[in-house]
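Colleague: Handing you this structure, nothing more for now.
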Amino acid sequence: VNDEPAHSLIENESLERIDTIIKGNLSSFEYRVWCLYASGRTARDIGRLVGKSEKSVSNAVYRIRKKLRALLG
């Protein structure tokens, strides 16, 4: 129980590092789509929010997943 705050801090730092890596390897559009997608939004919802077609968002998700697989292996 005493190291719970330390564990939480380490976990948060790790997540920040991963987010930095992801952000550095995606375009700004892809990163925005990624954040919305990771929060559970559908391609249709994301398209409405970013002003793009559902197909553009689906294509972006495909590219994002391909890049993340290569990065995080």
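For the structure tokens, the naming scheme is as follows: chains receive sequential letters (A, B, ...) according to their order of presentation, residues are indexed from 1 within each chain, and ligands are indexed from 1 in presentation order.
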List the spatial neighbours of range 31-33 of chain A as a PDB file with N, CA and C atoms, in the first residue's frame - criterion: any atom at most 8 Å away, only C-alpha atoms, same-chain residues fewer than 2 positions off excluded.
Modeller:
```pdb
ATOM      1  N   ILE A  22       4.082   8.369 -29.599  1.00  0.00           N
ATOM      2  CA  ILE A  22       2.976   8.296 -30.553  1.00  0.00           C
ATOM      3  C   ILE A  22       2.802   9.638 -31.251  1.00  0.00           C
ATOM      4  N   LYS A  23       2.749  10.705 -30.477  1.00  0.00           N
ATOM      5  CA  LYS A  23       2.540  12.041 -31.043  1.00  0.00           C
ATOM      6  C   LYS A  23       3.659  12.408 -32.018  1.00  0.00           C
ATOM      7  N   LEU A  26       3.000  10.456 -35.522  1.00  0.00           N
ATOM      8  CA  LEU A  26       1.749  10.622 -36.252  1.00  0.00           C
ATOM      9  C   LEU A  26       1.636  12.057 -36.739  1.00  0.00           C
ATOM     10  N   SER A  27       0.919  12.243 -37.840  1.00  0.00           N
ATOM     11  CA  SER A  27       0.623  13.610 -38.285  1.00  0.00           C
ATOM     12  C   SER A  27      -0.325  14.232 -37.258  1.00  0.00           C
ATOM     13  N   SER A  28      -0.508  15.536 -37.327  1.00  0.00           N
ATOM     14  CA  SER A  28      -1.411  16.186 -36.365  1.00  0.00           C
ATOM     15  C   SER A  28      -2.840  15.668 -36.536  1.00  0.00           C
ATOM     16  N   PHE A  29      -3.256  15.431 -37.778  1.00  0.00           N
ATOM     17  CA  PHE A  29      -4.586  14.869 -38.026  1.00  0.00           C
ATOM     18  C   PHE A  29      -4.689  13.464 -37.444  1.00  0.00           C
ATOM     19  N   CYS A  35      -6.520  10.156 -30.612  1.00  0.00           N
ATOM     20  CA  CYS A  35      -7.041  10.515 -29.280  1.00  0.00           C
ATOM     21  C   CYS A  35      -8.539  10.258 -29.187  1.00  0.00           C
ATOM     22  N   LEU A  36      -9.262  10.640 -30.224  1.00  0.00           N
ATOM     23  CA  LEU A  36     -10.713  10.418 -30.222  1.00  0.00           C
ATOM     24  C   LEU A  36     -11.047   8.934 -30.329  1.00  0.00           C
ATOM     25  N   TYR A  37     -10.318   8.226 -31.183  1.00  0.00           N
ATOM     26  CA  TYR A  37     -10.527   6.786 -31.364  1.00  0.00           C
ATOM     27  C   TYR A  37     -10.229   6.026 -30.066  1.00  0.00           C
ATOM     28  N   ILE A  46     -16.017  10.706 -35.138  1.00  0.00           N
ATOM     29  CA  ILE A  46     -14.753  11.418 -35.310  1.00  0.00           C
ATOM     30  C   ILE A  46     -14.815  12.279 -36.567  1.00  0.00           C
ATOM     31  N   VAL A  57     -11.490   9.131 -42.030  1.00  0.00           N
ATOM     32  CA  VAL A  57     -11.149   8.749 -40.661  1.00  0.00           C
ATOM     33  C   VAL A  57     -10.774   7.270 -40.605  1.00  0.00           C
ATOM     34  N   ALA A  60      -7.363   6.887 -41.874  1.00  0.00           N
ATOM     35  CA  ALA A  60      -6.407   7.381 -40.880  1.00  0.00           C
ATOM     36  C   ALA A  60      -6.202   6.349 -39.776  1.00  0.00           C
ATOM     37  N   VAL A  61      -7.279   5.740 -39.315  1.00  0.00           N
ATOM     38  CA  VAL A  61      -7.181   4.713 -38.263  1.00  0.00           C
ATOM     39  C   VAL A  61      -6.330   3.547 -38.762  1.00  0.00           C
TER      40      VAL A  61
END
```
Colleague: I'd like to know which of A:Ser14, A:Thr20, A:Ser8, A:Asn25 is closest to Ile64 in chain A, using only C-alpha atoms.
Modeller: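 Ranked by minimum distance to Ile64 in chain A, first place goes to A:Asn25.
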Colleague: Would you return as a PyMOL selection string the members of chain A that DSSP assigns to alpha helix (DSSP H) on this structure's backbone?
Modeller: chain A and resi 4-25+28-38+43-50+54-72
Colleague: Please provide the set of residues having any atom within 12 Å of Tyr62 in chain A, restricted to only C-alpha atoms, with same-chain residues fewer than 5 positions apart removed, written as a PDB file with N, CA, C and O atoms, in the first residue's frame.
Modeller:
```pdb
ATOM      1  N   GLU A  30      -3.687  12.631 -37.702  1.00  0.00           N
ATOM      2  CA  GLU A  30      -3.698  11.267 -37.173  1.00  0.00           C
ATOM      3  C   GLU A  30      -3.717  11.265 -35.650  1.00  0.00           C
ATOM      4  O   GLU A  30      -4.430  10.463 -35.035  1.00  0.00           O
ATOM      5  N   VAL A  33      -7.189  12.135 -34.478  1.00  0.00           N
ATOM      6  CA  VAL A  33      -8.051  10.973 -34.689  1.00  0.00           C
ATOM      7  C   VAL A  33      -7.737   9.898 -33.652  1.00  0.00           C
ATOM      8  O   VAL A  33      -8.643   9.305 -33.057  1.00  0.00           O
ATOM      9  N   TRP A  34      -6.443   9.647 -33.408  1.00  0.00           N
ATOM     10  CA  TRP A  34      -6.035   8.634 -32.435  1.00  0.00           C
ATOM     11  C   TRP A  34      -6.621   8.920 -31.056  1.00  0.00           C
ATOM     12  O   TRP A  34      -7.157   8.025 -30.398  1.00  0.00           O
ATOM     13  N   TYR A  37     -10.318   8.226 -31.183  1.00  0.00           N
ATOM     14  CA  TYR A  37     -10.527   6.786 -31.364  1.00  0.00           C
ATOM     15  C   TYR A  37     -10.229   6.026 -30.066  1.00  0.00           C
ATOM     16  O   TYR A  37     -10.986   5.142 -29.659  1.00  0.00           O
ATOM     17  N   ALA A  43     -15.735   6.008 -36.056  1.00  0.00           N
ATOM     18  CA  ALA A  43     -15.210   6.754 -37.203  1.00  0.00           C
ATOM     19  C   ALA A  43     -16.211   7.816 -37.650  1.00  0.00           C
ATOM     20  O   ALA A  43     -15.824   8.927 -38.014  1.00  0.00           O
ATOM     21  N   LYS A  55     -14.901   7.798 -44.215  1.00  0.00           N
ATOM     22  CA  LYS A  55     -13.890   7.044 -44.961  1.00  0.00           C
ATOM     23  C   LYS A  55     -12.492   7.597 -44.692  1.00  0.00           C
ATOM     24  O   LYS A  55     -11.543   6.828 -44.499  1.00  0.00           O
ATOM     25  N   SER A  56     -12.333   8.929 -44.659  1.00  0.00           N
ATOM     26  CA  SER A  56     -11.027   9.537 -44.355  1.00  0.00           C
ATOM     27  C   SER A  56     -10.556   9.142 -42.967  1.00  0.00           C
ATOM     28  O   SER A  56      -9.374   8.844 -42.762  1.00  0.00           O
ATOM     29  N   VAL A  57     -11.490   9.131 -42.030  1.00  0.00           N
ATOM     30  CA  VAL A  57     -11.149   8.749 -40.661  1.00  0.00           C
ATOM     31  C   VAL A  57     -10.774   7.270 -40.605  1.00  0.00           C
ATOM     32  O   VAL A  57      -9.785   6.900 -39.970  1.00  0.00           O
ATOM     33  N   LYS A  67       1.263   2.181 -38.117  1.00  0.00           N
ATOM     34  CA  LYS A  67       2.415   2.874 -37.530  1.00  0.00           C
ATOM     35  C   LYS A  67       2.663   2.414 -36.092  1.00  0.00           C
ATOM     36  O   LYS A  67       3.799   2.178 -35.684  1.00  0.00           O
ATOM     37  N   LEU A  68       1.584   2.291 -35.314  1.00  0.00           N
ATOM     38  CA  LEU A  68       1.745   1.898 -33.914  1.00  0.00           C
ATOM     39  C   LEU A  68       2.246   0.465 -33.779  1.00  0.00           C
ATOM     40  O   LEU A  68       3.048   0.170 -32.896  1.00  0.00           O
ATOM     41  N   ARG A  69       1.782  -0.417 -34.670  1.00  0.00           N
ATOM     42  CA  ARG A  69       2.309  -1.795 -34.655  1.00  0.00           C
ATOM     43  C   ARG A  69       3.811  -1.794 -34.891  1.00  0.00           C
ATOM     44  O   ARG A  69       4.548  -2.510 -34.232  1.00  0.00           O
TER      45      ARG A  69
END
```
Colleague: How many Å separate CA of Ala38 in chain A from CA of Lys52 in chain A?
Modeller: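 Interatomic distance, CA of Ala38 in chain A to CA of Lys52 in chain A: 17.7 Å.
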Colleague: Would you please work out which residue, of A:His7, A:Arg41, A:Arg17, A:Lys66, is nearest to Glu54 in chain A when using only C-alpha atoms?
Modeller: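 Result for the nearest residue to Glu54 in chain A: A:Arg41.
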